[in-house]
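Asker: Structure file start_1.cif (mmCIF, C-alpha atoms) is given on the next line.
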data_model
loop_
_atom_site.label_atom_id
_atom_site.label_comp_id
_atom_site.auth_asym_id
_atom_site.auth_seq_id
_atom_site.Cartn_x
_atom_site.Cartn_y
_atom_site.Cartn_z
CA MET A 1 14.33 60.80 -32.60
CA ILE A 2 12.14 58.72 -30.30
CA HIS A 3 14.01 55.75 -28.84
CA GLU A 4 11.46 54.41 -26.40
CA LYS A 5 7.69 54.23 -26.47
CA ASP A 6 5.78 55.88 -23.66
CA SER A 7 2.76 53.88 -22.45
CA THR A 8 1.08 57.07 -21.22
CA THR A 9 1.24 58.67 -24.65
CA GLU A 10 0.06 55.47 -26.29
CA GLN A 11 -2.94 55.36 -23.93
CA GLN A 12 -3.75 59.00 -24.65
CA ILE A 13 -3.72 58.31 -28.38
CA LEU A 14 -6.02 55.31 -27.93
CA GLU A 15 -8.46 57.29 -25.78
CA ALA A 16 -8.51 60.19 -28.24
CA ALA A 17 -9.06 57.80 -31.14
CA GLU A 18 -11.91 56.12 -29.27
CA ARG A 19 -13.68 59.44 -28.71
CA LEU A 20 -13.32 60.43 -32.37
CA PHE A 21 -14.28 57.00 -33.74
CA TYR A 22 -17.48 57.18 -31.70
CA GLU A 23 -18.18 60.76 -32.73
CA ARG A 24 -17.29 60.61 -36.43
CA GLY A 25 -16.87 56.96 -37.37
CA PHE A 26 -13.74 55.38 -38.80
CA ALA A 27 -13.86 56.94 -42.28
CA MET A 28 -14.27 60.51 -41.05
CA THR A 29 -11.56 60.29 -38.40
CA HIS A 30 -8.03 61.17 -39.51
CA THR A 31 -4.75 60.70 -37.72
CA THR A 32 -4.27 64.47 -37.84
CA ASP A 33 -7.51 64.83 -35.83
CA ILE A 34 -6.28 62.28 -33.30
CA ALA A 35 -2.92 64.03 -32.98
CA ARG A 36 -4.66 67.37 -32.47
CA GLU A 37 -6.88 65.85 -29.78
CA VAL A 38 -3.84 64.49 -27.92
CA GLY A 39 -1.73 67.58 -28.46
CA CYS A 40 1.06 65.85 -30.38
CA ASN A 41 2.13 65.67 -34.00
CA GLN A 42 0.82 63.20 -36.57
CA ALA A 43 4.20 61.45 -36.81
CA LEU A 44 3.89 60.38 -33.19
CA VAL A 45 0.53 58.73 -33.85
CA HIS A 46 2.08 56.80 -36.75
CA TYR A 47 5.08 55.91 -34.60
CA TYR A 48 2.87 54.13 -32.08
CA PHE A 49 0.28 52.60 -34.42
CA ARG A 50 1.68 52.95 -37.97
CA THR A 51 -1.77 53.37 -39.63
CA LYS A 52 -5.29 54.39 -38.71
CA GLU A 53 -6.38 50.82 -39.45
CA LYS A 54 -3.89 49.46 -36.89
CA LEU A 55 -5.12 52.01 -34.39
CA PHE A 56 -8.74 50.92 -34.93
CA GLU A 57 -7.71 47.29 -34.50
CA SER A 58 -5.98 48.14 -31.20
CA PHE A 59 -9.09 49.97 -30.01
CA PHE A 60 -11.32 47.05 -31.04
CA GLU A 61 -9.02 44.46 -29.47
CA ARG A 62 -9.14 46.31 -26.15
CA LYS A 63 -12.93 46.24 -26.19
CA ILE A 64 -13.14 42.57 -27.18
CA SER A 65 -10.69 41.65 -24.41
CA LEU A 66 -12.81 43.64 -21.96
CA PHE A 67 -15.98 41.77 -22.95
CA ILE A 68 -14.28 38.38 -22.77
CA SER A 69 -12.74 39.15 -19.38
CA ALA A 70 -16.16 40.14 -18.07
CA PHE A 71 -17.67 36.81 -19.13
CA LEU A 72 -14.78 34.79 -17.76
CA LEU A 73 -14.44 36.59 -14.42
CA ALA A 74 -17.99 37.66 -13.59
CA GLY A 75 -19.65 35.36 -11.08
CA SER A 76 -16.45 33.47 -10.28
CA ASP A 77 -17.44 33.50 -6.59
CA ALA A 78 -21.09 32.64 -7.22
CA ALA A 79 -22.62 29.77 -5.27
CA ASN A 80 -24.27 28.11 -8.28
CA PHE A 81 -24.54 28.17 -12.07
CA GLU A 82 -27.69 30.29 -12.14
CA GLU A 83 -26.13 33.00 -10.00
CA LYS A 84 -22.93 32.86 -12.06
CA LEU A 85 -24.86 33.30 -15.32
CA LYS A 86 -26.82 36.19 -13.82
CA CYS A 87 -23.54 37.92 -12.98
CA LYS A 88 -22.22 37.38 -16.52
CA ILE A 89 -25.36 38.78 -18.17
CA GLU A 90 -25.26 41.83 -15.90
CA ALA A 91 -21.52 42.32 -16.46
CA HIS A 92 -22.05 42.32 -20.24
CA PHE A 93 -24.91 44.79 -19.86
CA GLU A 94 -22.81 47.13 -17.74
CA ILE A 95 -19.93 47.09 -20.22
CA LEU A 96 -22.41 48.13 -22.91
CA ARG A 97 -23.71 50.84 -20.61
CA ALA A 98 -20.13 52.11 -20.21
CA ASN A 99 -19.61 51.90 -24.00
CA PRO A 100 -23.09 52.64 -25.40
CA ARG A 101 -21.89 53.76 -28.82
CA LEU A 102 -19.66 50.74 -29.43
CA PRO A 103 -22.32 48.40 -30.94
CA PHE A 104 -23.46 51.03 -33.45
CA LEU A 105 -19.86 51.84 -34.42
CA LEU A 106 -19.01 48.19 -35.03
CA PHE A 107 -22.21 47.43 -36.95
CA ASN A 108 -21.71 50.53 -39.06
CA GLU A 109 -18.10 49.69 -39.86
CA ILE A 110 -18.92 46.09 -40.75
CA SER A 111 -21.87 47.07 -42.97
CA THR A 112 -19.97 49.80 -44.81
CA ASN A 113 -16.69 47.91 -45.05
CA PRO A 114 -17.32 44.15 -45.51
CA LYS A 115 -13.58 43.48 -45.80
CA ARG A 116 -13.27 44.43 -42.15
CA VAL A 117 -15.12 41.26 -41.17
CA GLU A 118 -12.34 39.14 -42.63
CA ALA A 119 -9.69 41.36 -41.05
CA PHE A 120 -11.35 40.98 -37.63
CA LYS A 121 -11.69 37.23 -38.14
CA ALA A 122 -8.01 36.84 -39.02
CA LYS A 123 -6.80 38.90 -36.08
CA PHE A 124 -9.28 38.11 -33.32
CA SER A 125 -10.69 34.64 -34.08
CA GLN A 126 -8.66 33.05 -31.28
CA LEU A 127 -9.66 35.52 -28.55
CA PRO A 128 -13.16 34.14 -27.75
CA ARG A 129 -12.11 30.47 -27.80
CA PRO A 130 -11.24 30.11 -24.08
CA MET A 131 -14.53 31.77 -23.15
CA MET A 132 -16.56 29.50 -25.45
CA GLU A 133 -14.84 26.36 -24.19
CA LYS A 134 -15.38 27.35 -20.57
CA ILE A 135 -19.07 28.16 -21.04
CA ASN A 136 -19.69 25.00 -23.09
CA GLU A 137 -18.13 22.90 -20.35
CA GLU A 138 -20.34 24.47 -17.68
CA LEU A 139 -23.46 24.12 -19.82
CA GLN A 140 -22.78 20.43 -20.41
CA GLN A 141 -22.26 19.84 -16.69
CA GLU A 142 -25.51 21.56 -15.78
CA ALA A 143 -27.43 19.74 -18.52
CA SER A 144 -26.08 16.36 -17.35
CA LYS A 145 -27.44 17.14 -13.87
CA GLY A 146 -30.84 17.98 -15.32
CA ASN A 147 -30.64 21.59 -14.14
CA ILE A 148 -30.93 23.08 -17.64
CA ARG A 149 -31.82 21.92 -21.14
CA LYS A 150 -29.05 21.17 -23.61
CA VAL A 151 -27.85 24.36 -25.29
CA GLU A 152 -24.72 25.42 -27.15
CA ALA A 153 -22.58 28.23 -25.77
CA LEU A 154 -22.88 30.17 -29.04
CA ASP A 155 -26.69 30.09 -28.89
CA LEU A 156 -26.65 31.26 -25.29
CA LEU A 157 -24.22 34.09 -26.06
CA LEU A 158 -26.26 35.21 -29.07
CA SER A 159 -29.36 35.41 -26.86
CA ILE A 160 -27.51 37.44 -24.23
CA VAL A 161 -25.91 39.79 -26.73
CA SER A 162 -29.10 40.39 -28.72
CA LEU A 163 -31.16 41.14 -25.61
CA ASN A 164 -28.56 43.44 -24.09
CA VAL A 165 -27.39 45.24 -27.23
CA ILE A 166 -30.83 46.36 -28.44
CA MET A 167 -31.23 48.85 -25.59
CA PHE A 168 -28.10 50.68 -26.70
CA ILE A 169 -28.09 50.41 -30.46
CA ALA A 170 -31.77 51.41 -30.64
CA SER A 171 -31.71 53.93 -27.79
CA PRO A 172 -32.54 57.01 -29.98
CA ILE A 173 -35.65 55.25 -31.34
CA ILE A 174 -36.68 53.91 -27.94
CA LYS A 175 -36.34 57.34 -26.36
CA VAL A 176 -38.46 58.98 -29.06
CA VAL A 177 -41.17 56.30 -28.96
CA SER A 178 -41.29 56.15 -25.16
CA GLY A 179 -40.76 59.88 -24.63
CA ALA A 180 -38.30 58.99 -21.86
CA THR A 181 -35.85 61.55 -20.51
CA ASP A 182 -32.23 60.53 -19.97
CA GLN A 183 -32.98 59.92 -16.28
CA GLU A 184 -36.06 57.85 -17.11
CA TYR A 185 -34.07 55.90 -19.68
CA ASP A 186 -31.48 55.03 -17.04
CA LYS A 187 -34.27 53.54 -14.94
CA MET A 188 -35.53 51.69 -18.01
CA LEU A 189 -32.06 50.23 -18.52
CA GLU A 190 -32.07 48.88 -14.96
CA ARG A 191 -35.44 47.24 -15.57
CA ARG A 192 -34.28 45.74 -18.85
CA LYS A 193 -31.11 44.36 -17.25
CA LYS A 194 -33.19 42.48 -14.67
CA GLU A 195 -35.72 41.41 -17.30
CA ASN A 196 -32.99 40.09 -19.60
CA VAL A 197 -31.62 37.96 -16.77
CA LEU A 198 -35.07 36.47 -16.14
CA ILE A 199 -35.65 35.80 -19.85
CA ILE A 200 -32.33 33.99 -20.25
CA LEU A 201 -32.68 31.93 -17.07
CA LYS A 202 -36.23 30.88 -17.94
CA SER A 203 -35.17 29.94 -21.47
CA LEU A 204 -32.70 27.42 -20.03
CA LYS A 205 -35.23 25.56 -17.94
CA PRO A 206 -35.47 21.85 -18.94
#
Translate this structure into structure tokens?
Answerer:
Amino acid sequence: MIHEKDSTTEQQILEAAERLFYERGFAMTHTTDIAREVGCNQALVHYYFRTKEKLFESFFERKISLFISAFLLAGSDAANFEEKLKCKIEAHFEILRANPRLPFLLFNEISTNPKRVEAFKAKFSQLPRPMMEKINEELQQEASKGNIRKVEALDLLLSIVSLNVIMFIASPIIKVVSGATDQEYDKMLERRKKENVLIILKSLKP
């Protein structure tokens, strides 16, 4: 009988689940597959996470926390608001680059399982609040100084996310249309990251 949970084993299960969720999607991934990937038995997977749904929620929560941390921490040492925002946009882009299949996985799961939206809302609705409050406060301060136009944090975040995400969720189509190799696409990503920063900063001009 297991008396104490091992953080190393728990991490291994999460990492194996992440690989399989990306590769097969939620529906086609089974706890037996995850256990086989880790090299343990299925009972151990259930011991740590109880169900596949709970395991997916843990995986998703880790990613959401990572994105929120990036927005909150990126640019903390920047000299001004514009530089700080540039750092946040780039940090979000780089997290997507490190997790390029995450947007497609989430969109696919939400579109094929509408109930998951409510489950995510119930579990994670409080996570973004500190980030939204912080960004709204900074936007209001900058607008009061006349440095930017008035804009809501949600609208700004939607612009950032939509510009950054498209390069990853549509990468197969973009590669086919452009004929870009993987190396050329990496260079294209760097260009788009810089371009997205310019687009966002210009859109905030009063």
Asker: Residues within 12 Å of Glu142 (chain A), please, as a ChimeraX atom specification. Count all atoms listed in the file; anything in the same chain fewer than 2 positions from it doesn't count.
Answerer: /A:80-82,85,135-140,144-151,204-206
Asker: Could you tell me how far CA of Asp186 (chain A) sits from CA of Asp77 (chain A), in Å to one decimal place?
Answerer: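 Separation between CA of Asp77 (chain A) and CA of Asp186 (chain A): 27.7 Å.
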Asker: Pick out the residues sitting within 7 Å of region 49-64 of chain A, and hand them over as a count of residues only; count only C-alpha atoms, and ignore anything fewer than 4 positions along from it in its own chain.
Answerer: 5
Asker: Would you compute the distance between CA of Gly75 (chain A) and CA of Tyr185 (chain A)? Give it in Å to one decimal.
Answerer: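 It comes out at 26.5 Å.
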Asker: Which of these, A:Cys87, A:Ala43, A:Ser203, A:Arg191, has the shortest distance to Leu73 (chain A) once you count all atoms listed in the file?
Answerer: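 Ranked by minimum distance to Leu73 (chain A), first place goes to A:Cys87.
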Asker: Convert the output of the PyMOL selection byres ((chain A and resi 95) around 12) on the shown file into explicit residues, formatted as JSON, numbers by chain.
Answerer: {"A": [63, 64, 65, 66, 67, 68, 69, 70, 71, 74, 88, 89, 90, 91, 92, 93, 94, 96, 97, 98, 99, 100, 101, 102, 103, 161, 164, 165, 168, 193]}
Asker: Near region 19-23 of chain A, counting all atoms listed in the file, which residues have an atom at most 9 Å away, once you skip same-chain residues fewer than 6 positions from it, shown as a list in words?
Answerer: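 Residues meeting the cut-off are Thr29, His30, Asp33, Ile34, Glu37, Phe56, Arg101, Leu102, Phe104 and Leu105 of chain A.
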Asker: So how far away is CA of Met167 (chain A) from CA of Leu198 (chain A), in Å?
Answerer: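 Atom-to-atom, CA of Leu198 (chain A) to CA of Met167 (chain A), that is 16.0 Å.
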Asker: With only C-alpha atoms as the basis for distance, which of A:Ala27, A:Met132, A:Ile160, A:Ala170 is at the shortest distance from Asn113 (chain A)?
Answerer: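 Checking each of A:Ala27, A:Met132, A:Ile160, A:Ala170 against Asn113 (chain A), counting only C-alpha atoms, the winner is A:Ala27.
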